[in-house]
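The structure under discussion appears below in the form of structure tokens.
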Amino acid sequence: MTTLKSKLHDDLNSAIKERDELRSSTLRLTLAAITKEEVAGKEKRELSDDEVQKVITREAKKRREAAEAFAQGGRAEQAEREKAEGEVLAAYLPKQLSDDELNAIVAQAVEEAKAAGAEGPRAMGAVMKIVNPKVAGQAEGGRVAAAVKKLLAG
């Protein structure tokens, strides 16, 4: 078992012992998603820590989107629950980049792309190829794309 997955299991056991319903249900759902990912495909396999982290990131994104949908639908109680579950999962993810840090990385990538001959809005793909490996797991794709668009337009 990977270290991240075993940490999730240990935290689930302590949440159950502490009768922390929110944490235990969130961790159960996340571990179920990890197991589903492990048995998907032709044969069962063990996920690496990076793959487990991607599953946790996907689950956290689902919570964020659900919270927004509930808030727009006027179901504040449900939205709060989803936000709380997202915060539980955020503890297992790397610290997110601030807007300033993200903009600095994107600006550097734009310069690299311009040096390679890519200019204007069509350079989006080239810049994203440079930025994505640098910010993997530390910034959501939508945030990165918005920052790149803003810098290429300006």
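Identifiers in the structure tokens: chain A, B, ... in order shown; residue index from 1 per chain; ligand index from 1 in order shown.
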Surrounding residues of Arg143 of chain A excluding itself and chain neighbours under 5 positions, 9 Å, only C-alpha atoms, as a PDB file with N, CA, C and O atoms, in the first residue's frame:
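Writing done, so here's selection-v5.pdb:
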ATOM      1  N   ASP A  99      -1.878  33.567  -6.333  1.00  0.00           N
ATOM      2  CA  ASP A  99      -2.027  34.193  -7.650  1.00  0.00           C
ATOM      3  C   ASP A  99      -0.712  34.803  -8.126  1.00  0.00           C
ATOM      4  O   ASP A  99      -0.372  34.713  -9.306  1.00  0.00           O
ATOM      5  N   LEU A 102       1.675  32.039  -9.257  1.00  0.00           N
ATOM      6  CA  LEU A 102       1.196  31.490 -10.519  1.00  0.00           C
ATOM      7  C   LEU A 102       1.492  32.443 -11.672  1.00  0.00           C
ATOM      8  O   LEU A 102       2.001  32.024 -12.720  1.00  0.00           O
ATOM      9  N   VAL A 148      -2.840  32.426 -18.208  1.00  0.00           N
ATOM     10  CA  VAL A 148      -2.145  32.434 -19.494  1.00  0.00           C
ATOM     11  C   VAL A 148      -2.875  33.337 -20.485  1.00  0.00           C
ATOM     12  O   VAL A 148      -2.253  34.160 -21.163  1.00  0.00           O
TER      13      VAL A 148
END
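The residue set within 8 Å of Gln96 of chain A, counting only C-alpha atoms and dropping same-chain residues fewer than 3 places from it, reads A:Gly137, A:Gln138, A:Ala139.
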For the residues selected in the previous step, produce a file with N, CA and C atoms as an mmCIF file, in the first residue's frame.
data_model
loop_
_atom_site.group_PDB
_atom_site.id
_atom_site.type_symbol
_atom_site.label_atom_id
_atom_site.label_comp_id
_atom_site.auth_asym_id
_atom_site.auth_seq_id
_atom_site.Cartn_x
_atom_site.Cartn_y
_atom_site.Cartn_z
ATOM 1 N N GLY A 137 -0.510 19.851 -9.863
ATOM 2 C CA GLY A 137 -1.054 19.609 -8.538
ATOM 3 C C GLY A 137 -1.110 20.828 -7.632
ATOM 4 N N GLN A 138 -0.470 21.929 -8.045
ATOM 5 C CA GLN A 138 -0.420 23.107 -7.182
ATOM 6 C C GLN A 138 -1.359 24.207 -7.637
ATOM 7 N N ALA A 139 -1.954 24.042 -8.812
ATOM 8 C CA ALA A 139 -2.912 25.025 -9.301
ATOM 9 C C ALA A 139 -3.886 24.310 -10.228
#
For the contact check between segment 60-150 of chain A and segment 23-36 of chain A, emit one row per residue of segment 60-150 of chain A within 12 Å, containing the shortest atom pair and the distance in Å rounded to one decimal, counting only C-alpha atoms, chain then rising number order, as a Markdown table.
| residue | atom | partner | partner_atom | distance |
| --- | --- | --- | --- | --- |
| A:Ala60 | CA | A:Thr30 | CA | 9.2 |
| A:Lys62 | CA | A:Thr30 | CA | 11.1 |
| A:Arg63 | CA | A:Thr26 | CA | 10.0 |
| A:Arg81 | CA | A:Thr26 | CA | 10.3 |
| A:Glu82 | CA | A:Thr26 | CA | 9.6 |
| A:Lys83 | CA | A:Thr26 | CA | 11.3 |
| A:Ala84 | CA | A:Arg23 | CA | 9.0 |
| A:Glu85 | CA | A:Thr26 | CA | 6.0 |
| A:Gly86 | CA | A:Thr26 | CA | 8.6 |
| A:Glu87 | CA | A:Arg23 | CA | 9.8 |
| A:Val88 | CA | A:Arg23 | CA | 6.5 |
| A:Leu89 | CA | A:Thr26 | CA | 7.7 |
| A:Ala90 | CA | A:Thr26 | CA | 11.4 |
| A:Ala91 | CA | A:Arg23 | CA | 11.2 |
| A:Tyr92 | CA | A:Leu27 | CA | 10.6 |
Please, could you write that set of residues out with N, CA, C and O atoms as a short mmCIF file (atom, residue, chain, number, x, y, z; two decimals), in the first residue's frame?
data_model
loop_
_atom_site.label_atom_id
_atom_site.label_comp_id
_atom_site.auth_asym_id
_atom_site.auth_seq_id
_atom_site.Cartn_x
_atom_site.Cartn_y
_atom_site.Cartn_z
N ALA A 60 -11.69 16.41 -4.73
CA ALA A 60 -11.81 17.77 -4.17
C ALA A 60 -12.49 18.70 -5.16
O ALA A 60 -13.32 19.54 -4.78
N LYS A 62 -14.66 17.81 -7.43
CA LYS A 62 -16.09 17.45 -7.43
C LYS A 62 -16.81 18.16 -6.29
O LYS A 62 -17.92 18.66 -6.46
N ARG A 63 -16.16 18.19 -5.12
CA ARG A 63 -16.78 18.85 -3.95
C ARG A 63 -16.96 20.34 -4.20
O ARG A 63 -17.98 20.92 -3.87
N ARG A 81 -21.76 21.69 3.52
CA ARG A 81 -21.27 20.31 3.72
C ARG A 81 -20.22 19.98 2.67
O ARG A 81 -19.17 19.42 2.97
N GLU A 82 -20.51 20.31 1.40
CA GLU A 82 -19.57 20.03 0.32
C GLU A 82 -18.26 20.81 0.51
O GLU A 82 -17.18 20.28 0.28
N LYS A 83 -18.37 22.07 0.93
CA LYS A 83 -17.17 22.88 1.19
C LYS A 83 -16.34 22.25 2.30
O LYS A 83 -15.11 22.18 2.21
N ALA A 84 -17.00 21.80 3.36
CA ALA A 84 -16.30 21.18 4.49
C ALA A 84 -15.59 19.90 4.04
O ALA A 84 -14.44 19.64 4.43
N GLU A 85 -16.24 19.10 3.19
CA GLU A 85 -15.61 17.89 2.67
C GLU A 85 -14.40 18.25 1.81
O GLU A 85 -13.38 17.57 1.86
N GLY A 86 -14.52 19.31 1.02
CA GLY A 86 -13.39 19.78 0.21
C GLY A 86 -12.21 20.19 1.06
O GLY A 86 -11.05 19.94 0.71
N GLU A 87 -12.49 20.82 2.23
CA GLU A 87 -11.42 21.23 3.13
C GLU A 87 -10.73 20.02 3.75
O GLU A 87 -9.52 20.03 3.96
N VAL A 88 -11.49 18.96 4.04
CA VAL A 88 -10.90 17.73 4.57
C VAL A 88 -9.92 17.17 3.54
O VAL A 88 -8.79 16.79 3.88
N LEU A 89 -10.32 17.14 2.28
CA LEU A 89 -9.47 16.60 1.22
C LEU A 89 -8.26 17.50 0.95
O LEU A 89 -7.19 17.02 0.59
N ALA A 90 -8.44 18.81 1.10
CA ALA A 90 -7.35 19.75 0.84
C ALA A 90 -6.14 19.48 1.73
O ALA A 90 -5.00 19.77 1.36
N ALA A 91 -6.38 18.91 2.90
CA ALA A 91 -5.28 18.60 3.82
C ALA A 91 -4.32 17.56 3.23
O ALA A 91 -3.16 17.48 3.64
N TYR A 92 -4.78 16.78 2.27
CA TYR A 92 -3.95 15.73 1.66
C TYR A 92 -3.31 16.17 0.35
O TYR A 92 -2.60 15.41 -0.28
#
Sel. of helix (DSSP H, G or I) residues, segment 63-114 of chain A, as a count of residues only:
41
Skipping near chain neighbours, those fewer than 5 positions away, what residues fall within 8 Å of Val52 of chain A using only C-alpha atoms, listed as a short mmCIF file (atom, residue, chain, number, x, y, z; two decimals) with C-alpha atoms, in the first residue's frame?
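Result saved to result25.cif:
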data_model
loop_
_atom_site.label_atom_id
_atom_site.label_comp_id
_atom_site.auth_asym_id
_atom_site.auth_seq_id
_atom_site.Cartn_x
_atom_site.Cartn_y
_atom_site.Cartn_z
CA LEU A 4 -0.58 8.32 1.04
CA LYS A 5 -3.22 5.60 0.82
CA ILE A 34 -9.07 5.09 -5.15
CA LEU A 47 -1.73 3.14 -7.50
#
A:Ala67, A:Thr3, A:Lys134, A:Ala115 ranked by distance to Glu51 of chain A, top pick (using only C-alpha atoms)
A:Thr3
Considering only C-alpha atoms, state which residue in the set A:Asp49, A:Leu152, A:Leu97, A:Ile56 is at the smallest distance from Lys114 of chain A.
A:Leu152
Of the residues A:Ala79, A:Gly142, A:Glu18, A:Val106, which is the one nearest to Lys129 of chain A, using only C-alpha atoms?
A:Val106
Could you please determine the separation between atom CA of Val131 of chain A and atom CA of Ile105 of chain A in Å, to one decimal place?
7.0 Å
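Nearest residue to Thr57 of chain A, choosing from A:Ala123, A:Leu93, A:Val110, A:Ile16 and counting only C-alpha atoms: A:Leu93.
When only C-alpha atoms are used to measure the gap to Pro94 of chain A, the shortest distance among A:Asp11, A:Glu43, A:Glu140, A:Asp20 belongs to A:Glu140.
For the pair atom CA of Ala136 of chain A and atom CA of Glu80 of chain A, the interatomic distance is 27.5 Å.
With atom CA of Ala107 of chain A on one side and atom CA of Leu151 of chain A on the other, the separation reads 7.0 Å.
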